[in-house]
Amino acid sequence: MVQCAPCEQTCTLIKESSKLSGYLWRCKKCKRKQSVLKDSFLESAGISPAKFVYIVFYWATRIPLQATMKHIDISARTGVDYYRFLRDICSWKLLTTTIQLGGPGKEVQIDVSVQVNAVFRRDRNVEMWVFGAYDVGEKVGYVTYVSNRDAATLLPIIQKVVVPGSVVLSDDWAAYRDISNMPGNYQHRIVNRGQTNNAETYCRLANASFKRRSKDMVPGHLNEFMWRERFGSTFDLAYLNILRHISERYPC
């Protein structure tokens, strides 16, 4: 129950149609009122809690944004903002989750592929690069946008997400040549491009998970792809876990 701060008395829940939530807390003693959304991330949201729950459900079940806007009767700006908010939650969760692929003697395939679904300014395509790593045994991966394909860019990413002692399979791209010289006793095997098909497919699926987007939105969509792989493999899990992660990010 909520207590009135000045009176330290228990508040009661009353209906209030003028509020987005439809309710207020009212002190039994001094009759002071306060929002039921006070101190929550929805306090300044501008939409009702019910609409927010619908947005989360539609996003979790992969309902396209245009359909969500129509069904819930929200503006394009509101829809875009909340879908982006949910992707930001995915990004935050991944940042707070240790991602480790492979292990001593276990195979991890890596690949860099061009991603051309990004647009910059109007309709001008921008060639972007996506680096992917795939744990063959656990069937889970990691993907991220990279601005360069050189060793200075790729090797630190490999060290970050691939467990020392892993067997790293790649093509003969020059940037990979020093993998076996990195700290951590990595084993590096150069194979034909077709032998890293798991990593290639993983990058392709990540790219196909969203249509043409502006350049600054690409990392968020890639993070959503990885989040769904780990926490939202079904619609039910996506819905329950995104709500759980929102509560972790914004505890009351």
# chains A, B, ... in the order shown; residues from 1 in each chain; ligands from 1

call {"tool": "residues_around", "arguments": {"residues": "Gly105 (chain A)", "least_positions_apart": "3", "cutoff": "12 Å", "atoms": "only C-alpha atoms", "output": "number ranges by chain"}}
result
A: 101-102, 108, 135-137, 162-169, 185-188

call {"tool": "residues_around", "arguments": {"residues": "Lys33 (chain A)", "least_positions_apart": "2", "cutoff": "12 Å", "atoms": "only C-alpha atoms", "output": "number ranges by chain"}}
result
A: 2-6, 10-16, 19, 23-31, 35-38

call {"tool": "closest_atom_pairs", "arguments": {"of": "region 79-176 of chain A", "to": "region 229-242 of chain A", "cutoff": "12 Å", "atoms": "only C-alpha atoms", "output": "Markdown table"}}
result
| residue | atom | partner | partner_atom | distance |
| --- | --- | --- | --- | --- |
| A:Tyr83 | CA | A:Ile242 | CA | 11.8 |
| A:Phe85 | CA | A:Ile242 | CA | 10.9 |
| A:Leu86 | CA | A:Ile242 | CA | 7.6 |
| A:Arg87 | CA | A:Ile242 | CA | 9.6 |
| A:Asp88 | CA | A:Ile242 | CA | 10.8 |
| A:Ile89 | CA | A:Ile242 | CA | 7.6 |
| A:Cys90 | CA | A:Ile242 | CA | 7.7 |
| A:Ser91 | CA | A:Ile242 | CA | 11.3 |
| A:Trp92 | CA | A:Ile242 | CA | 11.2 |
| A:Lys93 | CA | A:Ile242 | CA | 9.4 |
| A:Leu94 | CA | A:Arg230 | CA | 9.5 |
| A:Thr97 | CA | A:Arg230 | CA | 10.5 |
| A:Thr98 | CA | A:Arg230 | CA | 11.8 |
| A:Ile99 | CA | A:Arg230 | CA | 10.3 |
| A:Glu138 | CA | A:Arg230 | CA | 11.5 |
| A:Lys139 | CA | A:Glu229 | CA | 10.0 |
| A:Val140 | CA | A:Glu229 | CA | 7.5 |
| A:Gly141 | CA | A:Glu229 | CA | 8.5 |
| A:Tyr142 | CA | A:Glu229 | CA | 9.8 |
| A:Val143 | CA | A:Glu229 | CA | 11.4 |

call {"tool": "write_last_selection", "arguments": {"atoms": "C-alpha atoms", "output": "tab-separated table (two decimals), in the first residue's frame"}}
result
chain	number	residue	atom	x	y	z
A	83	TYR	CA	9.63	0.62	-30.12
A	85	PHE	CA	12.59	2.36	-26.00
A	86	LEU	CA	12.12	-1.42	-26.03
A	87	ARG	CA	15.20	-1.88	-28.22
A	88	ASP	CA	17.10	0.31	-25.73
A	89	ILE	CA	16.02	-2.08	-22.97
A	90	CYS	CA	17.40	-4.95	-25.07
A	91	SER	CA	20.69	-3.08	-25.49
A	92	TRP	CA	20.91	-2.33	-21.77
A	93	LYS	CA	20.27	-5.97	-20.85
A	94	LEU	CA	22.99	-7.16	-23.21
A	97	THR	CA	25.00	-9.63	-19.44
A	98	THR	CA	28.34	-11.35	-19.93
A	99	ILE	CA	28.44	-12.77	-23.44
A	138	GLU	CA	25.79	-23.97	-28.00
A	139	LYS	CA	24.16	-22.62	-31.18
A	140	VAL	CA	24.24	-19.02	-29.99
A	141	GLY	CA	26.03	-16.05	-31.43
A	142	TYR	CA	27.08	-12.43	-31.24
A	143	VAL	CA	26.75	-9.76	-33.88

call {"tool": "select_by_dssp", "arguments": {"residues": "region 55-252 of chain A", "states": "strand (DSSP E)", "output": "PyMOL selection string"}}
result
chain A and resi 107-115+118-120+124-125+128-135+140-146+167-170+187-190+213-214

call {"tool": "residues_around", "arguments": {"residues": "Ile72 (chain A)", "least_positions_apart": "2", "cutoff": "8 Å", "atoms": "only C-alpha atoms", "output": "list in words"}}
result
Lys51, Tyr54, Ile55, Thr68, Met69, Lys70 and Ile74 of chain A

call {"tool": "closest_residue", "arguments": {"among": "A:Arg193, A:Leu155, A:Ile110, A:Asn198", "to": "Arg177 (chain A)", "atoms": "only C-alpha atoms"}}
result
A:Leu155

call {"tool": "closest_residue", "arguments": {"among": "A:Ser170, A:Tyr134, A:Ser44, A:Gln159", "to": "Thr201 (chain A)", "atoms": "only C-alpha atoms"}}
result
A:Tyr134

call {"tool": "select_by_dssp", "arguments": {"residues": "region 44-197 of chain A", "states": "helix (DSSP H, G or I)", "output": "PyMOL selection string"}}
result
chain A and resi 49-60+65-72+76-95+151-161+174-176+179-181+193-197
